[in-house]
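Asker: Structure file target34.cif (mmCIF, C-alpha atoms and all ligand atoms) is given on the next line.
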```cif
data_run
#
loop_
_atom_site.label_atom_id
_atom_site.label_comp_id
_atom_site.auth_asym_id
_atom_site.auth_seq_id
_atom_site.Cartn_x
_atom_site.Cartn_y
_atom_site.Cartn_z
CA MET A 16 5.08 -4.32 5.21
CA MET A 17 2.56 -7.03 4.67
CA LYS A 18 0.38 -8.14 7.50
CA SER A 19 -1.41 -11.38 8.07
CA ILE A 20 -4.09 -11.99 10.62
CA LEU A 21 -5.25 -15.52 11.05
CA SER A 22 -8.02 -15.93 13.53
CA ARG A 23 -11.67 -16.87 13.57
CA LYS A 24 -12.54 -13.39 14.67
CA VAL A 25 -10.95 -11.99 11.54
CA VAL A 26 -12.89 -14.35 9.33
CA GLY A 27 -16.03 -13.05 10.97
CA LEU A 28 -14.89 -9.48 10.66
CA HIS A 29 -14.15 -9.81 6.99
CA LYS A 30 -17.42 -11.51 6.26
CA ALA A 31 -19.12 -8.66 7.99
CA LEU A 32 -17.13 -6.19 5.94
CA GLY A 33 -17.91 -7.96 2.70
CA LEU A 34 -14.41 -9.30 2.16
CA ALA A 35 -13.44 -12.83 1.27
CA ALA A 36 -13.33 -15.05 4.30
CA GLY A 37 -9.95 -16.36 5.32
CA ALA A 38 -6.61 -14.85 6.03
CA ALA A 39 -6.52 -11.11 5.99
CA LEU A 40 -3.23 -10.18 4.46
CA MET A 41 -2.32 -6.56 4.47
CA PHE A 42 0.71 -4.63 3.43
CA SER A 43 2.26 -1.51 4.71
CA CYS A 44 5.61 0.01 4.03
CA GLU A 45 8.46 1.91 5.53
CA SER A 46 10.62 4.77 4.45
CA LYS A 47 14.21 5.16 5.53
CA SER A 48 13.17 7.31 8.43
CA LYS A 49 9.85 8.10 9.95
CA GLU A 50 10.51 11.79 9.35
CA GLU A 51 10.27 11.17 5.63
CA MET A 52 6.81 9.73 5.88
CA ALA A 53 4.03 11.90 4.55
CA PRO A 54 1.67 13.29 7.17
CA ASN A 55 -1.07 10.84 7.89
CA SER A 56 -4.19 11.53 5.94
CA ALA A 57 -5.58 8.01 6.08
CA SER A 58 -8.24 8.91 8.57
CA ALA A 59 -10.07 11.89 7.15
CA VAL A 60 -13.22 10.37 8.64
CA PRO A 61 -13.17 11.02 12.40
CA VAL A 62 -12.09 8.10 14.58
CA ALA A 63 -15.39 8.12 16.48
CA GLU A 64 -17.35 7.79 13.26
CA LEU A 65 -15.16 4.92 12.04
CA THR A 66 -15.49 3.22 15.43
CA THR A 67 -19.27 3.35 15.14
CA PHE A 68 -19.09 1.96 11.61
CA LEU A 69 -16.83 -0.91 12.70
CA ALA A 70 -19.09 -1.72 15.64
CA THR A 71 -22.18 -1.75 13.44
CA SER A 72 -20.62 -3.77 10.65
CA THR A 73 -18.77 -6.33 12.79
CA GLY A 74 -20.97 -6.76 15.84
CA VAL A 75 -18.03 -5.98 18.10
CA LYS A 76 -19.06 -3.62 20.89
CA ALA A 77 -17.81 -0.07 20.39
CA GLY A 78 -16.23 -0.27 23.84
CA ASP A 79 -14.06 -3.15 22.61
CA ILE A 80 -12.70 -1.13 19.68
CA VAL A 81 -9.61 0.94 20.39
CA TYR A 82 -7.82 3.25 17.96
CA ASN A 83 -4.02 3.04 18.02
CA GLU A 84 -2.64 6.31 16.69
CA ALA A 85 0.92 5.01 16.29
CA GLN A 86 -0.23 2.13 14.11
CA LYS A 87 -3.03 4.10 12.44
CA SER A 88 -5.15 1.05 13.16
CA PHE A 89 -8.20 -0.02 15.05
CA ILE A 90 -7.78 -2.94 17.45
CA LEU A 91 -10.91 -5.01 17.90
CA GLU A 92 -11.30 -7.06 21.08
CA GLY A 93 -7.61 -6.72 21.79
CA ASP A 94 -6.23 -8.79 18.96
CA VAL A 95 -7.68 -7.93 15.59
CA LEU A 96 -6.24 -5.05 13.65
CA ILE A 97 -7.76 -3.09 10.83
CA THR A 98 -6.04 -0.07 9.39
CA ALA A 99 -7.78 3.27 9.48
CA ALA A 100 -7.42 3.44 5.70
CA ASP A 101 -9.11 0.09 5.27
CA ALA A 102 -11.90 0.98 7.69
CA GLN A 103 -12.45 4.21 5.83
CA GLU A 104 -12.54 2.43 2.49
CA ARG A 105 -15.07 -0.11 3.74
CA MET A 106 -17.16 2.67 5.19
CA ALA A 107 -17.04 4.58 1.91
CA ALA A 108 -18.05 1.46 0.00
CA SER A 109 -20.93 0.74 2.36
CA THR A 110 -22.26 4.25 2.06
CA GLY A 111 -22.31 4.11 -1.71
CA ARG A 112 -19.28 6.27 -2.40
CA ALA A 113 -16.67 4.83 -4.69
CA ALA A 114 -14.11 2.69 -2.94
CA GLN A 115 -10.68 4.20 -3.11
CA GLY A 116 -8.11 2.38 -5.13
CA GLU A 117 -5.85 4.90 -6.69
CA GLN A 118 -2.22 4.79 -7.73
CA TRP A 119 0.13 6.76 -5.49
CA ARG A 120 3.87 7.31 -5.63
CA TRP A 121 6.38 8.19 -2.96
CA ASN A 122 7.71 11.74 -2.77
CA TYR A 123 11.06 10.50 -4.09
CA LEU A 124 11.46 8.43 -7.24
CA VAL A 125 14.39 6.41 -8.55
CA SER A 126 16.70 8.51 -10.71
CA ASN A 127 17.62 7.66 -14.31
CA THR A 128 20.98 6.40 -13.10
CA TYR A 129 19.35 3.50 -11.28
CA VAL A 130 15.89 2.97 -12.70
CA THR A 131 17.07 1.17 -15.83
CA ASN A 132 19.04 -1.39 -13.84
CA ILE A 133 17.80 -1.88 -10.30
CA ASP A 134 20.01 -4.75 -9.15
CA TYR A 135 18.60 -7.28 -6.69
CA PHE A 136 20.71 -9.66 -4.66
CA ILE A 137 18.92 -12.55 -2.96
CA ASN A 138 20.65 -13.72 0.22
CA ALA A 139 21.68 -17.37 0.18
CA ASP A 140 19.51 -18.21 3.18
CA VAL A 141 16.29 -17.13 1.47
CA PRO A 142 14.15 -20.27 0.98
CA ALA A 143 13.91 -21.61 -2.56
CA ASP A 144 10.22 -20.79 -3.00
CA TRP A 145 10.80 -17.17 -1.93
CA LYS A 146 13.72 -17.01 -4.41
CA THR A 147 11.39 -18.30 -7.10
CA ALA A 148 8.83 -15.66 -6.17
CA THR A 149 11.51 -12.95 -6.26
CA ARG A 150 12.68 -13.97 -9.72
CA ALA A 151 9.11 -14.22 -11.00
CA SER A 152 8.46 -10.72 -9.63
CA ILE A 153 11.50 -9.30 -11.43
CA THR A 154 10.11 -10.85 -14.61
CA ASN A 155 6.67 -9.38 -13.89
CA TRP A 156 7.99 -5.83 -13.65
CA ASN A 157 10.26 -6.24 -16.68
CA ALA A 158 7.32 -7.42 -18.80
CA VAL A 159 5.61 -4.04 -18.50
CA ASN A 160 6.00 -2.17 -21.78
CA GLY A 161 6.40 1.55 -22.24
CA THR A 162 8.61 2.16 -19.19
CA LYS A 163 12.32 2.48 -18.67
CA LEU A 164 12.04 0.58 -15.38
CA PHE A 165 14.20 -2.54 -15.47
CA LEU A 166 15.19 -4.91 -12.68
CA ARG A 167 17.98 -7.49 -12.64
CA GLU A 168 19.27 -10.16 -10.33
CA VAL A 169 22.95 -9.93 -9.46
CA THR A 170 25.12 -12.54 -7.77
CA SER A 171 27.13 -10.23 -5.53
CA SER A 172 25.67 -8.26 -2.66
CA SER A 173 28.31 -5.56 -3.05
CA ALA A 174 27.07 -4.86 -6.57
CA ALA A 175 23.42 -4.77 -5.56
CA ASP A 176 21.06 -1.86 -5.11
CA VAL A 177 18.60 -4.02 -3.20
CA VAL A 178 19.17 -6.97 -0.89
CA VAL A 179 16.41 -9.50 -0.28
CA ASN A 180 16.91 -10.97 3.18
CA LEU A 181 15.12 -12.79 5.97
CA GLY A 182 13.82 -11.61 9.27
CA TYR A 183 11.68 -13.16 11.90
CA ALA A 184 9.14 -11.38 14.00
CA ASP A 185 6.17 -12.89 15.77
CA GLU A 186 4.11 -10.11 14.25
CA ASN A 187 1.52 -9.92 11.52
CA TRP A 188 3.69 -8.65 8.67
CA ILE A 189 4.94 -10.95 5.93
CA ALA A 190 7.47 -8.76 4.18
CA ARG A 191 8.54 -5.17 4.13
CA ALA A 192 10.54 -2.88 1.92
CA TYR A 193 12.09 0.54 1.85
CA LEU A 194 10.95 3.35 -0.41
CA PRO A 195 13.34 5.36 -2.64
CA TYR A 196 15.72 7.84 -1.05
CA SER A 197 16.05 11.56 -1.62
CA ASN A 198 19.29 10.95 -3.58
CA GLY A 199 17.46 8.98 -6.27
CA ARG A 200 18.48 5.53 -5.11
CA PRO A 201 15.85 2.83 -4.89
CA GLY A 202 14.87 1.40 -1.52
CA ASN A 203 17.68 -0.92 -0.46
CA THR A 204 16.13 -3.86 1.36
CA VAL A 205 13.23 -6.26 1.17
CA THR A 206 12.86 -8.31 4.34
CA ILE A 207 10.77 -11.48 4.41
CA ASN A 208 9.29 -12.60 7.73
CA THR A 209 10.02 -16.33 7.94
CA LYS A 210 6.95 -16.75 10.10
CA TYR A 211 5.01 -16.76 6.81
CA ASN A 212 7.10 -19.25 4.84
CA TYR A 213 4.03 -21.45 4.57
CA LEU A 214 2.21 -19.11 2.19
CA SER A 215 1.42 -20.50 -1.24
CA ALA A 216 3.56 -19.61 -4.25
CA SER A 217 0.92 -17.29 -5.65
CA TYR A 218 0.76 -15.22 -2.46
CA LYS A 219 4.56 -15.10 -2.31
CA GLU A 220 4.71 -13.80 -5.88
CA PHE A 221 2.11 -11.12 -5.15
CA THR A 222 4.06 -10.20 -2.00
CA MET A 223 7.40 -9.82 -3.76
CA THR A 224 5.93 -7.95 -6.72
CA HIS A 225 4.25 -5.59 -4.22
CA GLU A 226 7.44 -5.05 -2.22
CA MET A 227 9.40 -4.32 -5.40
CA GLY A 228 6.76 -1.72 -6.18
CA HIS A 229 7.74 0.01 -2.92
CA ILE A 230 11.44 -0.28 -3.78
CA HIS A 231 10.87 1.75 -6.95
CA GLY A 232 8.50 4.19 -5.34
CA LEU A 233 4.89 3.05 -5.49
CA THR A 234 2.88 3.41 -2.30
CA HIS A 235 -0.47 1.84 -1.44
CA THR A 236 -3.46 2.29 -3.72
CA ASN A 237 -5.87 2.28 -0.81
CA GLN A 238 -4.00 4.92 1.16
CA THR A 239 -2.96 8.46 0.43
CA GLN A 240 0.75 8.42 1.17
CA GLY A 241 2.87 10.49 -1.19
CA VAL A 242 1.56 11.91 -4.44
CA PHE A 243 -1.41 10.80 -6.54
CA ILE A 244 -0.33 9.61 -9.99
CA THR A 245 -2.41 11.65 -12.39
CA GLY A 246 -4.12 9.80 -15.17
CA THR A 247 -4.49 6.54 -13.27
CA PRO A 248 -7.91 5.03 -12.55
CA THR A 249 -9.79 6.16 -9.48
CA THR A 250 -10.83 2.58 -8.72
CA ASP A 251 -8.23 -0.16 -8.76
CA ALA A 252 -9.24 -2.74 -6.18
CA ASN A 253 -7.09 -5.55 -7.59
CA SER A 254 -3.94 -3.46 -7.86
CA VAL A 255 -0.76 -5.18 -6.71
CA MET A 256 -0.17 -2.10 -4.57
CA ASN A 257 -3.42 -2.51 -2.67
CA ALA A 258 -2.99 -3.14 1.05
CA THR A 259 -4.96 -6.36 0.81
CA VAL A 260 -2.95 -9.13 -0.78
CA LEU A 261 -4.42 -11.45 -3.41
CA PRO A 262 -3.15 -14.50 -5.24
CA TRP A 263 -1.01 -13.17 -8.08
CA GLN A 264 -3.09 -12.72 -11.23
CA GLY A 265 -1.09 -10.09 -13.07
CA PHE A 266 -1.00 -6.31 -12.99
CA THR A 267 -4.11 -4.21 -13.38
CA THR A 268 -4.23 -1.59 -16.11
CA GLY A 269 -3.82 0.94 -13.30
CA ASP A 270 -0.60 -0.71 -12.11
CA ILE A 271 0.78 -0.55 -15.64
CA LYS A 272 -0.34 3.02 -16.22
CA ALA A 273 1.24 4.09 -12.91
CA VAL A 274 4.70 2.78 -13.73
CA GLN A 275 4.51 4.04 -17.33
CA THR A 276 3.61 7.48 -15.95
CA ILE A 277 6.35 7.78 -13.35
CA TYR A 278 9.04 6.08 -15.44
CA PRO A 279 8.18 6.74 -19.08
CA GLN A 280 10.37 5.15 -21.69
ZN ZN B 1 3.16 -2.35 1.15
#
```
Could you write out this file's structure as structure tokens?

Answerer:
Amino acid sequence: MMKSILSRKVVGLHKALGLAAGAALMFSCESKSKEEMAPNSASAVPVAELTTFLATSTGVKAGDIVYNEAQKSFILEGDVLITAADAQERMAASTGRAAQGEQWRWNYLVSNTYVTNIDYFINADVPADWKTATRASITNWNAVNGTKLFLREVTSSSAADVVVNLGYADENWIARAYLPYSNGRPGNTVTINTKYNYLSASYKEFTMTHEMGHIHGLTHTNQTQGVFITGTPTTDANSVMNATVLPWQGFTTGDIKAVQTIYPQ
């Protein structure tokens, strides 16, 4: 799932945290069932310590910072969310430790039967610019060398492994996707929140490339969900699988190494 927060408070928060001012766009993702999710390890730093860090770095009073366990997020002044993982990363960066940005994979991967031809069907009602972003994202993944991973667009939903569809929620997520299943099938749905149709083409392409990463089993580089992919860089801040979205500028070497490692040719 990709989250967007658009408020003046967030601009201030992100300046304070050393991030680019503007929209804070964050992803998260879902598995088929919550029971399949890995135990939360995003908040190894105690909540109280992170609360103090957020108060100090943002100027928001500690009493106005609440930790929501269900969302694994801090809520500042009632309406600004920051994930525990992000808070922890910012805290680590500010204290001189290396910022996390490592490649992680879901506990289940796509089996050989499906990974060489993951078939995407784009619902007819998906807006043209999201369709363009979806097709560009398929091309992005297929351009990675040294991996058997291959995605295709199909014209029939019944033949598809993955359906790209629309949803609407007055919430701060832009798109979300399922992770692979225990039977080796890829995640089966990417849902786009039409609330964010206004995003520029570059953000849409980053979003769809990110969501496809979830479909074939990559989790977030700035969290610790699933299994660390050995041999990938320990710092990968511009990874497409980072929870903070960027304008699309291509894969990092870590992104490429991750997919080559989990799906070698
Ligand atoms: Zn995500």

Asker: Point out the residue among A:Trp119, A:Asn180, A:Tyr129, A:Phe136 with the least atom-to-atom distance to ligand ZN 1 (chain B), counting all atoms listed in the file.

Answerer: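 Closest to ligand ZN 1 (chain B) of all the choices is A:Trp119.
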
Asker: Report as a ChimeraX atom specification all protein, DNA and RNA residues lying within 9 Å of segment 121-126 of chain A, evaluated on all atoms listed in the file, omitting residues in the same chain fewer than 2 positions from it.

Answerer: /A:51-53,119,128-131,194-202,229-234,240-243,277-278

Asker: Quick one: of A:Lys210, A:Arg120, A:Gln264, A:Ser217, who's nearest to ligand ZN 1 (chain B), counting all atoms listed in the file?

Answerer: A:Arg120

Asker: What gap, in Å, lies between atom CA of Tyr193 of chain A and atom CA of Val178 of chain A?

Answerer: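 Here the two named atoms are 10.7 Å from each other.
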
Asker: I'd like the box whose edges run along x, y and z of the file and which contains every listed atom of segment 151-158 of chain A, padded by 5 Å per side; could you state its centre and edge lengths in Å, one decimal, as AutoDock Vina command-line options?

Answerer:
```
--center_x 9.1 --center_y -10.0 --center_z -14.2 --size_x 14.8 --size_y 18.4 --size_z 19.2
```

Asker: Give me, please, the distance in Å between atom CA of Ala158 of chain A and atom CA of Trp145 of chain A, quoted to one decimal.

Answerer: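 Straight-line distance from atom CA of Ala158 of chain A to atom CA of Trp145 of chain A works out to 19.8 Å.
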
Asker: Please determine, counting all atoms listed in the file, which residue among A:Val62, A:Lys272, A:Met223, A:Gln118 has the shortest atom-to-atom distance to Thr249 of chain A.

Answerer: A:Gln118

Asker: For a quick check of understanding, using only C-alpha atoms and all ligand atoms, which of A:Lys87, A:Arg150, A:Lys163, A:Arg191 has the smallest distance to ligand ZN 1 (chain B)?

Answerer: A:Arg191

Asker: So which residues fall inside 7 Å of (16.3, -4.1, -10.8) if we count all atoms listed in the file? Mind giving them as a PyMOL selection string?

Answerer: chain A and resi 132-135+165-168

Asker: Kindly export the residues of the current selection with C-alpha atoms, as a PDB file, in the coordinates of the input.

Answerer:
```
ATOM      1  CA  ASN A 132      19.040  -1.390 -13.840  1.00  0.00           C
ATOM      2  CA  ILE A 133      17.800  -1.880 -10.300  1.00  0.00           C
ATOM      3  CA  ASP A 134      20.010  -4.750  -9.150  1.00  0.00           C
ATOM      4  CA  TYR A 135      18.600  -7.280  -6.690  1.00  0.00           C
ATOM      5  CA  PHE A 165      14.200  -2.540 -15.470  1.00  0.00           C
ATOM      6  CA  LEU A 166      15.190  -4.910 -12.680  1.00  0.00           C
ATOM      7  CA  ARG A 167      17.980  -7.490 -12.640  1.00  0.00           C
ATOM      8  CA  GLU A 168      19.270 -10.160 -10.330  1.00  0.00           C
TER       9      GLU A 168
END
```

Asker: Tell me, in Å to one decimal, how far atom CA of Val141 of chain A is from atom CA of Gly265 of chain A.

Answerer: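 One can read the atom CA of Val141 of chain A to atom CA of Gly265 of chain A distance as 23.7 Å.
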
Asker: Could you list, as a ChimeraX atom specification, every residue within 6 Å of Met256 of chain A, counting all atoms listed in the file and ignoring same-chain residues fewer than 6 positions away?

Answerer: /A:225,235-236

Asker: Looking at all atoms listed in the file, which of A:Gln238, A:Ser171, A:Thr67, A:Thr245 is the one that sits closest to ligand ZN 1 (chain B)?

Answerer: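 Looking only at the distances to ligand ZN 1 (chain B), the closest residue turns out to be A:Gln238.
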
Asker: Pick out the residues sitting within 12 Å of Ser215 of chain A, and hand them over as number ranges by chain; count all atoms listed in the file, and ignore anything fewer than 2 positions along from it in its own chain.

Answerer: A: 144-145, 147-148, 211-213, 217-222, 261-263

Asker: Of the residues A:Ala151, A:Val260, A:Ala70, A:Leu65, which is the one nearest to ligand ZN 1 (chain B), using only C-alpha atoms and all ligand atoms?

Answerer: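 Looking at the shortest contact to ligand ZN 1 (chain B), the residue is A:Val260.
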